[in-house]
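Asks: Here it is: the structure, laid out below.
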Amino acid sequence: MKREIVSDLLNEKLIHYKHRYGLNVYILPKKSYQKQFAIYATNYGSNDNEFIVPGEKQPMKVPEGIAHFLEHKLFEKQDGNVFEAFSKLGASPNAFTSFNTTAYHFTSTGNFYECLDILINFVGDPYFTDKTVDKEKGIIAQEIIMYQDNPNWRVYFNLLKGLYHQHPVKNDIAGTVESIQKIDKDTLYRCYETFYHPSNMVLFVTGDIDADRVIKQVDDYFDKKDMSKQGRINRIYPDEPREVADSVVKDKLPVPRPMFLLGFKGEAVQKPSQVILDNLILNDLILDIMIGPSSELYSRLYEEGLIDSSFSAQHIEETDYSHMILGGESPEPKKVVDMVYQEIEKLKNKPWDIEYFMRVKKKKIGEYIRHFNTLESVGVQFVSLVFKDIGLFDYLERLEQINNDQLQTQFNNFFDDYKSSLSLILPG
Amino acid sequence: MNMEKIDLEKGIRLFVLPTDKFKTVTTSFCFHRDLDDDYTYNALIPAVLRRGCEGFTTLKDIQRHLESLYGAQFSVGVQKKGERQILRFSMEVVNDEYVAEQGLLAQSLYFLNRIINRPVLHEGRFIKSYVEQEKENLKNRIRSLINDKIQYSLERCVQEMCRDEKYSRYVFGSEEELDNLDADRLYSVYKDIVRSSPLDIYVVGNVDPEKVKLLLERSLSMERRQIKSIPITPYKKLQIKQKTVTEEIDVNQGKLVIGFRTNINAQDKMYFPLLVYSSILGGGPHSKLFINVREKASLAYYAFARLEKFKGLMFVSAGIDVDKDEQTLDIIMEQLNAMTKGDITQQEYEGAVNSLINSLKGIADQPSHLIDYYLDNSITESNITLEDYIERIENVNIDQIVEVSNNVVMDTVYFLTNKKKG
């Protein structure tokens, strides 16, 4: 089954094909580009630590960091590692694990179809032994330790621990040096078989590419395989209270001056895709109006030397949780936080300027269009949306329809009875 | 796709790359400065200029203006390329065809000219509060380098290695200089930048070069005087006293950085073999460092080699356990020695060449990378196209790689480690 999705606003066309085993394939042709980019992703990340394997009854709990470990190990095969095969073709492969997805990708400038073959084959063919699993523990331990020395990373994960009591999003994606010791080849195979079924995965390719050839290649690969349909994977997430776990989380690190992140916790409930999309757009706009570079508050904070260019704000919206975070380096984080709280109250009680709204909306439109310049960035964006059941062009189309009243209502709802947590890194 | 070069007034060169593949038009003004005693002033000036200009006197005015131009991306920055500082003012606007607004490019050039040439002044000087705030911000930025331990350790290795050379200067300036900043000098350095620094203007996107030239002639208001020439960065150093520097701070992971002199710069014909050499050593998963330090010995998550092409330096960097520095250093030096002996497999050679070509081809897909490529060409006074560049890489043979390997001399070993050690 093949269909075309067209965006007149972007002058782009996306081709969608669904294989009978359930794999969704998307092709975004980009004429005159030298590069090709392919990303093959599974709806499986560090949050999926407890689940019921389809066909079984008992839930299974796995060590923290296993999705990321699996990502590392898929690159290794009986006859060496996959990097060599890509490298012969001049392509550079890589992968990442997030809270909700694991993605394998490559950038090529020629030999695209051969590279695509390698990608589909290596992700489809796990090879784990006790020896190779053990060897990886040393490498991943260094990766974990490297992040521990990064204060930006620490302030972020400390915040998540402050916001959440139970939800696995509070755990480090790579796990801990201790938790990864418990990982063995059998557990890796079990996770692999559960989450790497084509019906739980998506393939996205972009560049100057022939869509039919990609589809045929996917057909040829899977038609050789004898696969059964997979039932639903039951993912188990603990109940997450509305309250935050800790209103302040403090840590000491050798930083030249304090670092902070303030987080606002959204409700941890399952949402339909339409709600997720609206929240994504509306909360992005809210952050711009509240504390974006053109806001009153930003100017005041900047001019008083309370924030600088290290400051940033973003909204995270996932199917089962969401949070808004803002922060950076500051000589007096508490002062910044107080001013943010005051601004929230001020914004609740006054009508919003329509011109300001229109300007910020224009800015978001421009940013979304610009981002279609870069193949890798479109691919990664695509993956982050697709498992939430949101299409690549939906964001821009929906953004065009948003009005000022909707935005203000959203703001009042989000900040009606907000739950926040402050993560602080102090010099020491 | 070819860059068109047009000479404008004194020392101003316009480079236009017309292409319809991007959804935006990117413009960059790049002033070239010697990395001389004014380097801290050079670093501060773009930060002060971005605070306000005639018509848009505050940060907020500027931001609101950018929003109304469909989220135009305006940025300023400084870069170090050899012993040269590049002061950059850039703007990226959406191509008119995607939005209900015309003339975004003209607006963008008009705005950049204002920022550079019409700063908001008070009694003929920069606004004091803007200078003070940006001075503080820059000082904090210099101090924050330590928050990124990989960058910090590379920078520290450069400082130790090039102690008596201009290249040791940090691109964002020095704290001490900022503490003793002279406001009059700041303004005169600014005047000197706009009057006498070589200036390259790059425009990439769906534009007509003639039209861009006309727009610039109409919008630019610079009083240009005698243009300064910038000395070529010295890159040869034969008398080397090897040194080892250990720094102890509170870290979990040790960072080993080794600085080498290659005695080859980007203008040398041996530069292309050097590129392949460095890629075989540590340019990705095909490399000797990745395979031997990471995959075989399981010592590191990252281990790479990187070239500085104007100063002729190479750095090898790895994040390791604090007690594994000697073992790692041994493995790294074994890899270098292997290359001197010509111990390079066909697979390593092809992997390196292919990976270099892959990244070179990719430059054409990214406006900012294209600008950087042509900026480097401008510094080396070269006209080499991407196609020719790729051909030069393809023609590198193993003998040449072995030849350059003999030029590579170890200079400084820097290790960032934990206090608890020893």
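Here, A, B, ... name the chains of the structure tokens in the order displayed, residue numbers run from 1 inside each chain, and ligands are numbered from 1 in the same displayed order.
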At a cut-off of 10 Å, using only C-alpha atoms, what residues contact range 78-85 of chain A? Leave out same-chain residues fewer than 2 positions from it and give the result as JSON, numbers by chain.
Replies: {"A": [73, 74, 75, 76, 87, 88, 89, 90, 91, 92, 93, 94, 114, 115, 118, 119, 121, 122, 123, 126, 127, 128, 129, 132], "B": [284, 285, 286, 287, 291, 295, 347, 348, 351]}
Asks: Name all residues at most 8 Å from Ile183 in chain A (count only C-alpha atoms; drop same-chain ones fewer than 4 positions away) and give them as a CSV table (one decimal) with N, CA and C atoms, in the first residue's frame.
Replies:
chain,number,residue,atom,x,y,z
A,63,PRO,N,17.3,-4.6,33.4
A,63,PRO,CA,18.2,-3.6,34.0
A,63,PRO,C,18.1,-2.2,33.2
A,66,ILE,N,19.4,-0.9,29.2
A,66,ILE,CA,19.5,-2.0,28.3
A,66,ILE,C,19.2,-1.6,26.8
A,179,SER,N,24.2,-0.8,37.0
A,179,SER,CA,23.1,-1.5,36.3
A,179,SER,C,23.5,-2.2,35.1
A,187,THR,N,19.0,-11.6,28.1
A,187,THR,CA,18.1,-10.5,28.2
A,187,THR,C,18.1,-9.6,27.0
A,188,LEU,N,19.3,-9.4,26.4
A,188,LEU,CA,19.4,-8.6,25.2
A,188,LEU,C,18.5,-9.2,24.1
Asks: Which residues of chain A have any atom within 7 Å of an atom in chain B when counting only C-alpha atoms, and what is the closest pair of atoms for each, with the distance in Å to one decimal? Order the rows by chain and rising number and write it as CSV.
Replies:
residue,atom,partner,partner_atom,distance
A:Leu9,CA,B:Tyr98,CA,6.7
A:Leu10,CA,B:Tyr98,CA,6.9
A:Ser32,CA,B:Lys21,CA,6.6
A:Tyr33,CA,B:Asp365,CA,6.1
A:Gln34,CA,B:Gly362,CA,6.3
A:Lys35,CA,B:Gly362,CA,5.8
A:Phe83,CA,B:Pro285,CA,6.0
A:Glu84,CA,B:His286,CA,6.2
A:Ser87,CA,B:Gly351,CA,4.9
A:Lys88,CA,B:Gly351,CA,5.6
A:Leu89,CA,B:Asn354,CA,6.9
A:Gly90,CA,B:Asn354,CA,4.1
A:Ala91,CA,B:Asn358,CA,6.5
A:Ser92,CA,B:Ser355,CA,7.0
A:Ser108,CA,B:Asn358,CA,6.5
A:Thr109,CA,B:Asn358,CA,5.7
A:Lys135,CA,B:Ser298,CA,6.4
A:Gly138,CA,B:Ser298,CA,5.5
A:Ile139,CA,B:Tyr301,CA,5.0
A:Ile140,CA,B:Tyr301,CA,6.7
A:Gln142,CA,B:Tyr301,CA,5.5
A:Glu143,CA,B:Tyr301,CA,5.4
A:Ile145,CA,B:Gln253,CA,6.0
A:Met146,CA,B:Gln253,CA,6.0
A:Asp149,CA,B:Val251,CA,6.1
A:Asn150,CA,B:Asn147,CA,6.3
A:Pro151,CA,B:Asn147,CA,6.2
A:Pro254,CA,B:Asp250,CA,6.6
A:Val255,CA,B:Asn147,CA,6.4
A:Pro256,CA,B:Arg143,CA,6.3
A:Pro293,CA,B:Gln63,CA,6.3
A:Ser294,CA,B:Lys60,CA,4.8
A:Ser295,CA,B:Lys60,CA,7.0
A:Ser299,CA,B:Lys60,CA,6.4
A:Gly305,CA,B:Gln133,CA,6.7
A:Asp308,CA,B:Asn137,CA,6.5
A:Arg359,CA,B:Ser68,CA,5.3
A:Val360,CA,B:Glu67,CA,6.1
A:Lys362,CA,B:Tyr70,CA,4.9
A:Lys363,CA,B:Gly71,CA,3.7
A:Lys364,CA,B:Gly71,CA,6.6
A:Ile365,CA,B:Tyr70,CA,6.8
A:Gly366,CA,B:Tyr70,CA,4.7
A:Glu367,CA,B:Gly71,CA,6.1
A:Ile369,CA,B:Lys23,CA,6.9
A:Arg370,CA,B:Lys23,CA,6.0
A:Asn373,CA,B:Phe22,CA,5.6
A:Thr374,CA,B:Gln366,CA,6.9
Asks: Can you work out which one of A:Pro238, A:Gly379, A:Gly327, A:Gly292 has the shortest atom-to-atom distance to Tyr104 in chain A, counting only C-alpha atoms?
Replies: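 Closest to Tyr104 in chain A, using only C-alpha atoms: A:Gly379.
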Asks: Quick check for you: according to DSSP on this backbone, which residues of range 39-179 of chain A are classed as helix (DSSP H, G or I)? Reply as JSON, numbers by chain.
Replies: {"A": [66, 67, 68, 69, 70, 71, 72, 73, 74, 82, 83, 84, 85, 86, 87, 88, 112, 113, 114, 115, 116, 117, 118, 119, 120, 121, 122, 123, 130, 131, 132, 133, 134, 135, 136, 137, 138, 139, 140, 141, 142, 143, 144, 145, 146, 147, 148, 151, 152, 153, 154, 155, 156, 157, 158, 159, 160, 161, 162, 163, 168, 169, 170, 179]}
Asks: What's around Ser330 in chain A at 10 Å? Count only C-alpha atoms, leave out sequence neighbours fewer than 4 positions away in its own chain, and write the answer as a compact mmCIF listing (two decimals) with N, CA and C atoms, in the first residue's frame.
Replies:
# COMPACT_ATOMS: atom_id res chain seq x y z
N ARG A 257 30.24 28.96 38.03
CA ARG A 257 29.14 29.64 38.70
C ARG A 257 27.88 28.78 38.62
N PRO A 258 26.87 29.12 39.41
CA PRO A 258 25.71 28.23 39.49
C PRO A 258 25.03 27.98 38.15
N MET A 259 24.41 26.81 38.08
CA MET A 259 23.66 26.42 36.91
C MET A 259 22.29 25.99 37.41
N PHE A 260 21.26 26.27 36.65
CA PHE A 260 19.94 25.86 37.15
C PHE A 260 19.03 25.43 36.01
N LEU A 301 15.85 40.11 32.67
CA LEU A 301 16.82 39.16 33.23
C LEU A 301 18.20 39.36 32.62
N GLY A 305 21.87 41.02 34.26
CA GLY A 305 22.98 40.07 34.37
C GLY A 305 22.58 38.75 35.03
N LEU A 306 21.28 38.46 35.06
CA LEU A 306 20.83 37.22 35.71
C LEU A 306 20.85 36.03 34.76
N ILE A 307 20.76 36.30 33.47
CA ILE A 307 20.92 35.23 32.47
C ILE A 307 21.83 35.73 31.36
N ASP A 308 22.33 34.80 30.56
CA ASP A 308 23.11 35.17 29.37
C ASP A 308 22.76 34.21 28.24
N SER A 310 23.63 31.42 27.59
CA SER A 310 23.51 30.00 27.96
C SER A 310 22.06 29.64 28.30
N PHE A 311 21.21 30.65 28.40
CA PHE A 311 19.82 30.39 28.80
C PHE A 311 19.02 29.79 27.65
N LYS A 334 17.84 31.65 42.12
CA LYS A 334 16.60 31.84 42.86
C LYS A 334 15.86 33.09 42.43
N LYS A 335 16.64 34.14 42.15
CA LYS A 335 16.07 35.40 41.71
C LYS A 335 15.36 35.22 40.35
N VAL A 336 16.02 34.47 39.47
CA VAL A 336 15.43 34.21 38.15
C VAL A 336 14.10 33.47 38.33
N ASN B 140 32.38 35.24 31.71
CA ASN B 140 31.73 34.00 32.13
C ASN B 140 31.88 32.91 31.08
Asks: Near Gln85 in chain B, counting only C-alpha atoms, which residues have an atom at most 7 Å away, once you skip same-chain residues fewer than 5 positions from it, shown as a count of residues only?
Replies: 7
Asks: Can you tell me, as a PyMOL selection string, which residues in range 92-210 of chain A count as strand (DSSP E or B) by DSSP?
Replies: chain A and resi 92-97+102-108+201-207
Asks: Name the residues in contact with Thr380 in chain B at a cut-off of 9 Å, using only C-alpha atoms, excluding same-chain residues fewer than 2 positions from it; report them as a list in words.
Replies: Ile232, Ala266, Gln267, Phe310, Leu375, Asp376, Asn377, Ser378, Ser382 and Asn383 of chain B
Asks: So that I can see what lies close to Tyr192 in chain A, please list as a ChimeraX atom specification the residues with an atom at most 12 Å from it, counting only C-alpha atoms and leaving out residues fewer than 3 positions away in the same chain.
Replies: /A:42-45,53,66-71,73-74,102,123-128,185-189,195-198,200-201
Asks: Hey, what's within 12 Å of Asp268 in chain B if we count only C-alpha atoms and toss same-chain stuff fewer than 3 positions away? As a list in words, please?
Replies: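 Here the qualifying residues turn out to be Tyr235, Lys236, Thr262, Asn263, Ile264, Asn265, Tyr271, Phe272, Pro273, Leu274, Leu275, Lys309, Phe310, Lys311, Gly312, Thr380, Ser382 and Val404 of chain B.
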Asks: Hey, can you spit out that residue selection with N, CA and C atoms as a PDB file, in the first residue's frame?
Replies:
ATOM      1  N   TYR B 235      53.880  27.905  10.727  1.00  0.00           N
ATOM      2  CA  TYR B 235      53.416  26.546  11.034  1.00  0.00           C
ATOM      3  C   TYR B 235      54.541  25.533  11.122  1.00  0.00           C
ATOM      4  N   LYS B 236      55.760  26.012  10.972  1.00  0.00           N
ATOM      5  CA  LYS B 236      56.874  25.059  11.065  1.00  0.00           C
ATOM      6  C   LYS B 236      57.597  25.241  12.383  1.00  0.00           C
ATOM      7  N   THR B 262      52.738  18.987  12.663  1.00  0.00           N
ATOM      8  CA  THR B 262      52.803  18.249  11.391  1.00  0.00           C
ATOM      9  C   THR B 262      53.741  18.947  10.414  1.00  0.00           C
ATOM     10  N   ASN B 263      54.029  20.230  10.679  1.00  0.00           N
ATOM     11  CA  ASN B 263      54.866  21.034   9.788  1.00  0.00           C
ATOM     12  C   ASN B 263      54.323  21.113   8.359  1.00  0.00           C
ATOM     13  N   ILE B 264      53.028  20.924   8.252  1.00  0.00           N
ATOM     14  CA  ILE B 264      52.366  21.020   6.940  1.00  0.00           C
ATOM     15  C   ILE B 264      51.124  21.883   7.141  1.00  0.00           C
ATOM     16  N   ASN B 265      50.921  22.869   6.284  1.00  0.00           N
ATOM     17  CA  ASN B 265      49.658  23.619   6.416  1.00  0.00           C
ATOM     18  C   ASN B 265      48.794  23.424   5.174  1.00  0.00           C
ATOM     19  N   TYR B 271      49.384  18.541   2.128  1.00  0.00           N
ATOM     20  CA  TYR B 271      48.231  18.645   3.027  1.00  0.00           C
ATOM     21  C   TYR B 271      47.199  17.546   2.766  1.00  0.00           C
ATOM     22  N   PHE B 272      47.032  17.178   1.510  1.00  0.00           N
ATOM     23  CA  PHE B 272      46.023  16.151   1.198  1.00  0.00           C
ATOM     24  C   PHE B 272      46.404  14.775   1.759  1.00  0.00           C
ATOM     25  N   PRO B 273      47.658  14.354   1.572  1.00  0.00           N
ATOM     26  CA  PRO B 273      48.057  13.111   2.266  1.00  0.00           C
ATOM     27  C   PRO B 273      47.920  13.223   3.789  1.00  0.00           C
ATOM     28  N   LEU B 274      48.184  14.417   4.332  1.00  0.00           N
ATOM     29  CA  LEU B 274      48.068  14.585   5.787  1.00  0.00           C
ATOM     30  C   LEU B 274      46.622  14.365   6.247  1.00  0.00           C
ATOM     31  N   LEU B 275      45.691  14.866   5.436  1.00  0.00           N
ATOM     32  CA  LEU B 275      44.272  14.673   5.763  1.00  0.00           C
ATOM     33  C   LEU B 275      43.929  13.186   5.834  1.00  0.00           C
ATOM     34  N   LYS B 309      44.419  23.103  10.362  1.00  0.00           N
ATOM     35  CA  LYS B 309      45.101  23.128   9.072  1.00  0.00           C
ATOM     36  C   LYS B 309      45.906  24.392   8.797  1.00  0.00           C
ATOM     37  N   PHE B 310      45.677  25.468   9.551  1.00  0.00           N
ATOM     38  CA  PHE B 310      46.440  26.689   9.290  1.00  0.00           C
ATOM     39  C   PHE B 310      47.730  26.735  10.108  1.00  0.00           C
ATOM     40  N   LYS B 311      47.663  26.144  11.298  1.00  0.00           N
ATOM     41  CA  LYS B 311      48.820  26.159  12.189  1.00  0.00           C
ATOM     42  C   LYS B 311      49.623  24.853  12.059  1.00  0.00           C
ATOM     43  N   GLY B 312      49.091  23.897  11.308  1.00  0.00           N
ATOM     44  CA  GLY B 312      49.821  22.646  11.108  1.00  0.00           C
ATOM     45  C   GLY B 312      49.902  21.783  12.346  1.00  0.00           C
ATOM     46  N   THR B 380      43.489  30.810   2.589  1.00  0.00           N
ATOM     47  CA  THR B 380      44.656  30.205   1.937  1.00  0.00           C
ATOM     48  C   THR B 380      44.856  30.753   0.527  1.00  0.00           C
ATOM     49  N   SER B 382      43.093  30.339  -2.104  1.00  0.00           N
ATOM     50  CA  SER B 382      42.961  29.250  -3.055  1.00  0.00           C
ATOM     51  C   SER B 382      41.582  29.324  -3.722  1.00  0.00           C
ATOM     52  N   VAL B 404      54.303  11.745   4.897  1.00  0.00           N
ATOM     53  CA  VAL B 404      53.867  12.777   5.869  1.00  0.00           C
ATOM     54  C   VAL B 404      54.005  12.271   7.302  1.00  0.00           C
TER      55      VAL B 404
END
Asks: Could you work out how far CA of Leu109 in chain B lies from CA of Glu217 in chain B, giving the answer in Å with one decimal?
Replies: 10.3 Å
